[in-house]
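Novice: Sending over a structure as structure tokens; questions will come in a sec.
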Amino acid sequence: MKTILLALLALGAFGEETCGTSLEKAPALAKVFNDRGIAGTFVMVDGRTETVFVWNRERAERRFPPAATFRIANAIIALETGVVRGVDDIVPFNATQHRTYESAQPYFYGTFLNRSRKPHRQRALRKSMRAPNTRTFRMLARGIGTKRMRDGVVKLAYGNMRVGNSVDRFWRDGSLQISALEQVEFLGRVARGEIPVSHEILDKVRELTLLEKTARYELHSKSGALFTSKPQLGWWVGWIERKSGIFPFALNMDIDTAEADDRVAIGRECLKALGKL
């Protein structure tokens, strides 16, 4: 599948057919977006037929901050560096360090979290994956450190691979950016075990991303949102595992605060329209 995406991304080429890879505009996807009046993109790859299904290819090529979808890569790097060793390990929390970071660099996302006097609740990696509170993954990133994080992002070939100077917020502040096409390429490698880390680590990450399991498929996913951008940005990314193969997907769309939860429902509609749910 990496070859498929590279063919589409090489030299900015995104034609109707490139190196044996076909691009399907998928009218069923158009209906999902047009009926709702949504500005966004959806990409899904079928590696069996070397077909990329896409709505709004121009936006699919455009990079955005990954927001909380970076937690998948963050977890891989944390497990490989030994900051945590298992999905049920409690993420270390240093209250003094946290106050120092907050004083020097107030976090611009969710000021209600910064100003809350409630003590931080330590969570295991598994429970933190889908929790709305961002502090746990920020502490995880601080434990990894800037150098190891930068090395890890490069090793994973994640988006533009830029960590910047703020190790606990670079996935939101615009330093790190990734396109929907790059998301599906990365997630396809995770799902197929093609990431250059141990299979044991990837198995743990698949535990973290598993959202739904039926007799017909497994759905792995992670959502993300950036409320400080204009317009606000919503992500839903992941992959479907079926007996017939693995189908990575990525949705990003403009949202407002009231519509933040809609991105998962819209992504599921897209997957159903393509016959994968």
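Order determines the names: the first chain of the structure tokens is A, the second B, and so forth; residues in each chain are numbered 1 upward, and ligands are numbered 1 upward as they are shown.
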List the spatial neighbours of stretch 31-33 of chain A as a VMD selection string - criterion: any atom at most 10 Å away, only C-alpha atoms, same-chain residues fewer than 6 positions off excluded.
Specialist: chain A and resid 39 to 42 55 to 56 253 266 to 267 269 to 270 273
Novice: Using only C-alpha atoms, which residues sit within 8 Å of A:Gly164 once same-chain residues fewer than 5 positions away are excluded, as number ranges by chain?
Specialist: A: 170, 175-176
Novice: Print the selection's residues with C-alpha atoms to a file, as a compact mmCIF listing (two decimals), in the first residue's frame.
Specialist:
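Result file is result31.txt:
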```
# COMPACT_ATOMS: atom_id res chain seq x y z
CA PHE A 170 3.79 20.23 18.57
CA SER A 175 4.85 22.34 13.82
CA LEU A 176 3.76 18.79 12.92
```
Novice: With only C-alpha atoms as the basis for distance, which of A:Gly86, A:Pro196, A:Gly145, A:Pro248 is at the shortest distance from A:Leu208?
Specialist: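 Among the listed residues, A:Gly86 lies closest to A:Leu208.
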Novice: Give the answer as one residue: which of A:Met44, A:Thr81, A:Ala131, A:Gly188 has the shortest atom-to-atom distance to A:Gly143, using only C-alpha atoms?
Specialist: A:Thr81
Novice: Could you check how far atom CA of A:Glu200 sits from atom CA of A:Ile76, in Å to one decimal?
Specialist: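 One can read the atom CA of A:Glu200 to atom CA of A:Ile76 distance as 10.5 Å.
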Novice: Which neighbours of stretch 158-163 of chain A fall inside 9 Å, counting only C-alpha atoms, when residues of the same chain fewer than 2 positions from it are skipped, and could you give them as a PDB file with N, CA, C and O atoms, in the first residue's frame?
Specialist:
```pdb
ATOM      1  N   ARG A  63      -1.830  19.395   4.117  1.00  0.00           N
ATOM      2  CA  ARG A  63      -1.443  19.021   5.472  1.00  0.00           C
ATOM      3  C   ARG A  63      -2.121  19.906   6.521  1.00  0.00           C
ATOM      4  O   ARG A  63      -2.287  21.106   6.321  1.00  0.00           O
ATOM      5  N   PRO A  66      -2.192  17.190  13.217  1.00  0.00           N
ATOM      6  CA  PRO A  66      -2.928  15.943  13.448  1.00  0.00           C
ATOM      7  C   PRO A  66      -3.794  15.951  14.694  1.00  0.00           C
ATOM      8  O   PRO A  66      -4.647  15.074  14.865  1.00  0.00           O
ATOM      9  N   ALA A  73       0.826   7.532  17.016  1.00  0.00           N
ATOM     10  CA  ALA A  73       2.279   7.592  16.874  1.00  0.00           C
ATOM     11  C   ALA A  73       2.947   7.836  18.219  1.00  0.00           C
ATOM     12  O   ALA A  73       4.002   7.255  18.519  1.00  0.00           O
ATOM     13  N   THR A 146      12.448  15.775  23.717  1.00  0.00           N
ATOM     14  CA  THR A 146      12.462  16.326  22.359  1.00  0.00           C
ATOM     15  C   THR A 146      13.300  15.501  21.401  1.00  0.00           C
ATOM     16  O   THR A 146      12.866  15.207  20.279  1.00  0.00           O
ATOM     17  N   MET A 149      11.707  12.101  20.715  1.00  0.00           N
ATOM     18  CA  MET A 149      10.468  12.307  19.977  1.00  0.00           C
ATOM     19  C   MET A 149      10.768  12.647  18.525  1.00  0.00           C
ATOM     20  O   MET A 149      10.139  12.103  17.602  1.00  0.00           O
ATOM     21  N   ARG A 150      11.731  13.547  18.320  1.00  0.00           N
ATOM     22  CA  ARG A 150      12.094  13.914  16.940  1.00  0.00           C
ATOM     23  C   ARG A 150      12.592  12.685  16.173  1.00  0.00           C
ATOM     24  O   ARG A 150      12.199  12.447  15.035  1.00  0.00           O
ATOM     25  N   GLY A 152      11.864   9.606  16.776  1.00  0.00           N
ATOM     26  CA  GLY A 152      10.747   8.690  16.585  1.00  0.00           C
ATOM     27  C   GLY A 152       9.836   9.098  15.445  1.00  0.00           C
ATOM     28  O   GLY A 152       9.408   8.258  14.647  1.00  0.00           O
ATOM     29  N   VAL A 153       9.547  10.388  15.351  1.00  0.00           N
ATOM     30  CA  VAL A 153       8.676  10.883  14.289  1.00  0.00           C
ATOM     31  C   VAL A 153       9.326  10.669  12.924  1.00  0.00           C
ATOM     32  O   VAL A 153       8.665  10.295  11.951  1.00  0.00           O
ATOM     33  N   VAL A 154      10.640  10.874  12.857  1.00  0.00           N
ATOM     34  CA  VAL A 154      11.363  10.632  11.602  1.00  0.00           C
ATOM     35  C   VAL A 154      11.361   9.143  11.266  1.00  0.00           C
ATOM     36  O   VAL A 154      11.147   8.748  10.108  1.00  0.00           O
ATOM     37  N   LYS A 155      11.593   8.311  12.264  1.00  0.00           N
ATOM     38  CA  LYS A 155      11.599   6.861  12.048  1.00  0.00           C
ATOM     39  C   LYS A 155      10.259   6.374  11.521  1.00  0.00           C
ATOM     40  O   LYS A 155      10.194   5.482  10.671  1.00  0.00           O
ATOM     41  N   LEU A 156       9.178   6.967  12.003  1.00  0.00           N
ATOM     42  CA  LEU A 156       7.836   6.582  11.562  1.00  0.00           C
ATOM     43  C   LEU A 156       7.448   7.237  10.240  1.00  0.00           C
ATOM     44  O   LEU A 156       6.414   6.905   9.677  1.00  0.00           O
ATOM     45  N   ASN A 165       9.788  23.175  18.884  1.00  0.00           N
ATOM     46  CA  ASN A 165      10.467  23.402  20.166  1.00  0.00           C
ATOM     47  C   ASN A 165       9.611  23.088  21.384  1.00  0.00           C
ATOM     48  O   ASN A 165      10.084  23.205  22.508  1.00  0.00           O
ATOM     49  N   SER A 166       8.364  22.718  21.182  1.00  0.00           N
ATOM     50  CA  SER A 166       7.466  22.436  22.319  1.00  0.00           C
ATOM     51  C   SER A 166       7.061  20.979  22.267  1.00  0.00           C
ATOM     52  O   SER A 166       6.120  20.609  21.555  1.00  0.00           O
ATOM     53  N   VAL A 167       7.755  20.138  23.015  1.00  0.00           N
ATOM     54  CA  VAL A 167       7.578  18.700  22.889  1.00  0.00           C
ATOM     55  C   VAL A 167       6.190  18.243  23.327  1.00  0.00           C
ATOM     56  O   VAL A 167       5.736  17.170  22.933  1.00  0.00           O
ATOM     57  N   ARG A 169       3.261  19.863  22.697  1.00  0.00           N
ATOM     58  CA  ARG A 169       2.139  20.469  21.972  1.00  0.00           C
ATOM     59  C   ARG A 169       2.372  20.586  20.466  1.00  0.00           C
ATOM     60  O   ARG A 169       1.565  21.179  19.756  1.00  0.00           O
ATOM     61  N   PHE A 170       3.439  20.023  19.973  1.00  0.00           N
ATOM     62  CA  PHE A 170       3.785  20.232  18.566  1.00  0.00           C
ATOM     63  C   PHE A 170       2.761  19.641  17.609  1.00  0.00           C
ATOM     64  O   PHE A 170       2.670  20.050  16.456  1.00  0.00           O
ATOM     65  N   TRP A 171       1.958  18.681  18.072  1.00  0.00           N
ATOM     66  CA  TRP A 171       0.933  18.091  17.220  1.00  0.00           C
ATOM     67  C   TRP A 171      -0.301  18.990  17.107  1.00  0.00           C
ATOM     68  O   TRP A 171      -1.213  18.704  16.356  1.00  0.00           O
ATOM     69  N   SER A 175       3.515  22.853  14.168  1.00  0.00           N
ATOM     70  CA  SER A 175       4.845  22.336  13.819  1.00  0.00           C
ATOM     71  C   SER A 175       4.707  21.039  13.020  1.00  0.00           C
ATOM     72  O   SER A 175       5.233  20.911  11.915  1.00  0.00           O
ATOM     73  N   LEU A 176       4.001  20.070  13.589  1.00  0.00           N
ATOM     74  CA  LEU A 176       3.764  18.792  12.922  1.00  0.00           C
ATOM     75  C   LEU A 176       2.483  18.881  12.111  1.00  0.00           C
ATOM     76  O   LEU A 176       1.445  19.316  12.623  1.00  0.00           O
ATOM     77  N   GLN A 177       2.558  18.482  10.847  1.00  0.00           N
ATOM     78  CA  GLN A 177       1.379  18.486   9.986  1.00  0.00           C
ATOM     79  C   GLN A 177       1.366  17.211   9.140  1.00  0.00           C
ATOM     80  O   GLN A 177       2.418  16.649   8.834  1.00  0.00           O
ATOM     81  N   ILE A 178       0.169  16.798   8.770  1.00  0.00           N
ATOM     82  CA  ILE A 178       0.009  15.569   7.999  1.00  0.00           C
ATOM     83  C   ILE A 178      -1.247  15.696   7.150  1.00  0.00           C
ATOM     84  O   ILE A 178      -2.231  16.331   7.561  1.00  0.00           O
ATOM     85  N   SER A 179      -1.217  15.117   5.963  1.00  0.00           N
ATOM     86  CA  SER A 179      -2.392  15.138   5.090  1.00  0.00           C
ATOM     87  C   SER A 179      -3.224  13.879   5.299  1.00  0.00           C
ATOM     88  O   SER A 179      -2.758  12.894   5.898  1.00  0.00           O
ATOM     89  N   GLU A 182      -1.409  11.052   3.716  1.00  0.00           N
ATOM     90  CA  GLU A 182      -0.309  10.557   4.541  1.00  0.00           C
ATOM     91  C   GLU A 182      -0.821   9.788   5.755  1.00  0.00           C
ATOM     92  O   GLU A 182      -0.177   8.834   6.214  1.00  0.00           O
ATOM     93  N   GLN A 183      -1.971  10.189   6.281  1.00  0.00           N
ATOM     94  CA  GLN A 183      -2.568   9.436   7.392  1.00  0.00           C
ATOM     95  C   GLN A 183      -2.858   7.992   6.972  1.00  0.00           C
ATOM     96  O   GLN A 183      -2.506   7.049   7.691  1.00  0.00           O
ATOM     97  N   PHE A 186       0.379   5.980   6.627  1.00  0.00           N
ATOM     98  CA  PHE A 186       0.931   5.644   7.933  1.00  0.00           C
ATOM     99  C   PHE A 186       0.112   4.547   8.615  1.00  0.00           C
ATOM    100  O   PHE A 186       0.650   3.551   9.109  1.00  0.00           O
TER     101      PHE A 186
END
```
